[in-house]
Structures are given as structure tokens and as C-alpha cells.
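Inspection log for the structure reproduced underneath, given as C-alpha cells.
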Amino acid sequence: MPSEADYIGRFAPSPSGPLHFGSLVAALASFLDARSHHGQWLLRMEDLDPAREPPEAAGQILRSLDAFGLHWDGEVLYQSTRLEAYREALHQLQAQGLIYACDCSRQDVQGMGGVYDGRCRHRSDPVTGGALRVQVTDETLHFDDLIQGLQAQQLGKECGDFVVLRKDGLFAYQIAVVVDDAWQHITHVVRGSDLLDSTARQIYLQQRLGYATPRYAHIPVAVNAEGQKLSKQHFARAIDDAHPAPQLWQVLQFLGQAPDPALANASTDDILHWAIQHWDIQAVPKLANIRHDCDDAASPD
Ligand SMILES: [Zn+2]
């Protein structure tokens, strides 16, 4: 365990649009966990897929974070500047004989029950225009999520060999995030529970690449503090930079922090000050059901 002074956290949005309620939840939770540990809070823009990223979105996100008083440490890291590092990591995996080409489609993988069966591992014919997959093993990977508790995943059975370089030539999320978490010395990853299922794959890559594994905490992104399902519309609603205080208050309530109702009319600085003092990660609601979905196969969602 790193000491508190060594805490480095991060918020890592994809600039596919403006921040919405769900991403504000992840931003605030990671911010509060870092600040309550007197840690650093870094900002990483996961801009690896230009076709899905309106050019104005990254700037909008930075302005929103500023408006909400969520000030990050140091320079913003843009993944689009990091391709050389991802290529280097891919070479490391290739040198271990773990990488092979695969031109199976998403439909093919669905036909395998959603878990890629490794059928291209030992092909002798050349595969052109395919994705690159990393070979996994049957070992069970464990981690202790700070919110969701003990997790275990057997990648071979539950996920299968997964894509690290997409067939469109873009690096997959899993390898980029692992390389950057290591490079930025991230000790704590607090993020949305939509990524809970990615964690075992990331730990697998960390082990193969000789990186340390950070602590993980997954915030529910589909239920509120009462365990009720939030509608997609509610969650995807864009945030309003002009009125940050009431929205910060709502997010705190969503995170189970029981903010004083009087705080809803306070300044952002006062709300954040209160929230850092009172941050209790154990009060964040747990997920009722944890679903596995490894089908991030050869193409983006
Ligand atoms: Zn294949």
C-alpha cells in the first residue's frame, strides 16, 4: 500500500461529447478520493478514436471541470500523443509470443457465445486486415475493489483472447489505459462500474508488461443511492456549466454522501470543501448485479 502522500489518481474521459451526469459522477468521485488522501488528481484525455470525437469536445470538458471547481494537477495527458508508447508495449507482448492476428467479426464472436474462442491462434494462412489479439490463460485473476469488494475473473472462460490493436489500426482502450496508468504512476483508479469488467484484462496486461496494479474502486453508473435504475436519458443529460452547485450536490447524494440540504445553495468551493472533509467511499452504493461483457472485440461499440 502506498502511503497517503503517494496517492495519484486520475480522471480519464473520452472526448466523445460534453460531460454528462454519469461522467460528472466519475470525475467528482475520483477527485474527492484523491483530495481526501492529499493526493494528486491527474487528467487524461482518452482521444484515440478521432471519428467519434467532435473537435470541440475536449475543450468543453476542460471548461466544465473548471466551472465545477474540479482543478487537476499538472498538464493534461492526451492519448493521441502516446502512440509510440502503446506500440512499444505491443512489441513487448509480441516478443512474449502472446499476440496474433484475427479477422473474425463481431457477429462471429457473438456466434461463439460472446467469448472469443481463440480460433485464430494457430492459423497458418496469413491474416490480412485483421485485429491483433493477446492470448490469455485459464488462471483466475482476483482484485479487491474498494467499493464492490472481492472480484474474480477467469479470462480464458469469461472473456477470451482480447483485442489490443483494432482492425481499423487504432489501439484498443485496454492497452492504452494500462500503459498510461503505469506511465503516470497511478495508484488509485476510481471510475464508472461500466469498466469493472475491464479490470481483469487490465491486470492481465499489467502483469505481462511488468507494471504495478493500482487499487480500483468502481462507482455505480446505472443506479442511484437507493438502488433504483437511472434512465439513460437522466444519466446522459448534459451538465450545465452555469449552475454547478446544485449539480454537485445531486452527485454527492447519488454517491451516498448525504450532503446537508443547505449546501445545495452554497458556492462550489464550499461544497467541494465539505465533500473532501466528509468523503466516505464506503457509503457509495454497491452494484446489485455485475454483468460480464467482453465483447469489445475487433471494432468499437
Ligand atoms: Zn479470429
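Within each chain, counting starts at residue 1; across the C-alpha cells, chains are named A, B, ... in the order shown, with ligands numbered 1 upward in that order.
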Output as JSON lines one row per residue of chain A within 6 Å of ligand 1: the closest atom pair and its distance in Å to one decimal place, counting only C-alpha atoms and all ligand atoms, sorted by chain and residue number ascending.
```
{"residue": "A:Cys102", "atom": "CA", "partner": "ligand 1", "partner_atom_place_in_ligand_line": "1 (Zn)", "distance": 3.9}
{"residue": "A:Asp103", "atom": "CA", "partner": "ligand 1", "partner_atom_place_in_ligand_line": "1 (Zn)", "distance": 5.1}
{"residue": "A:Cys104", "atom": "CA", "partner": "ligand 1", "partner_atom_place_in_ligand_line": "1 (Zn)", "distance": 4.1}
{"residue": "A:Arg119", "atom": "CA", "partner": "ligand 1", "partner_atom_place_in_ligand_line": "1 (Zn)", "distance": 5.4}
{"residue": "A:Cys120", "atom": "CA", "partner": "ligand 1", "partner_atom_place_in_ligand_line": "1 (Zn)", "distance": 4.3}
```
Could you produce a table of the residues of stretch 66-90 of chain A lying within 12 Å of stretch 252-267 of chain A, with the nearest pair of atoms per residue and their separation in Å rounded to one decimal, using only C-alpha atoms, ordered by chain and increasing residue number, as a tab-separated table?
```
residue	atom	partner	partner_atom	distance
A:Ala67	CA	A:Ser267	CA	11.3
A:Phe68	CA	A:Ser267	CA	9.9
A:Gly69	CA	A:Ser267	CA	9.8
```
Export of prior selection with N, CA and C atoms as a CSV table (one decimal), in the first residue's frame:
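What follows is the written file selection.csv:
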```
chain,number,residue,atom,x,y,z
A,67,ALA,N,-15.5,24.9,-14.4
A,67,ALA,CA,-16.7,25.5,-13.9
A,67,ALA,C,-17.2,24.8,-12.6
A,68,PHE,N,-16.9,23.5,-12.5
A,68,PHE,CA,-17.3,22.8,-11.3
A,68,PHE,C,-16.3,22.8,-10.2
A,69,GLY,N,-15.2,23.5,-10.4
A,69,GLY,CA,-14.2,23.6,-9.4
A,69,GLY,C,-13.3,22.4,-9.3
```
DSSP strand (DSSP E or B) residues within stretch 63-292 of chain A, as a ChimeraX atom specification: /A:77-78,99-102,131-134,140-145,149-154,162-165,171,188-192,215-219,223,229,238
Go through stretch 130-156 of chain A residue by residue and, counting only C-alpha atoms, keep those with an atom at most 8 Å from stretch 186-201 of chain A; for each kept residue give the shortest atom pair and its distance in Å to one decimal, ordered by chain and increasing number, as CSV.
```
residue,atom,partner,partner_atom,distance
A:Leu141,CA,A:Ala200,CA,6.2
A:His142,CA,A:Ala200,CA,7.5
A:Phe143,CA,A:Ala200,CA,7.9
A:Ala152,CA,A:Ala200,CA,7.8
A:Gln153,CA,A:Ala200,CA,6.3
A:Leu155,CA,A:Arg201,CA,7.2
```
Nearest-residue call for A:Ala27, choices A:Arg208, A:Ala182, A:Ser105, A:Ile219, using only C-alpha atoms: A:Ile219
Non-local contacts of stretch 12-26 of chain A (9 Å; only C-alpha atoms; under 4 positions in same chain excluded) as a PyMOL selection string: chain A and resi 30-31+42-50+52-61+64-65+177+190-192+218-219+221-222+234-240+247-248+251-252+254-255
Å distance separating atom CA of A:Ser124 from atom CA of A:Ala95, one decimal place: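 Taking atom CA of A:Ser124 and atom CA of A:Ala95, their separation equals 19.0 Å.
Closest approach to A:Trp183 among A:Leu32, A:Leu77, A:Val136, A:Met112: A:Leu77, based on only C-alpha atoms.
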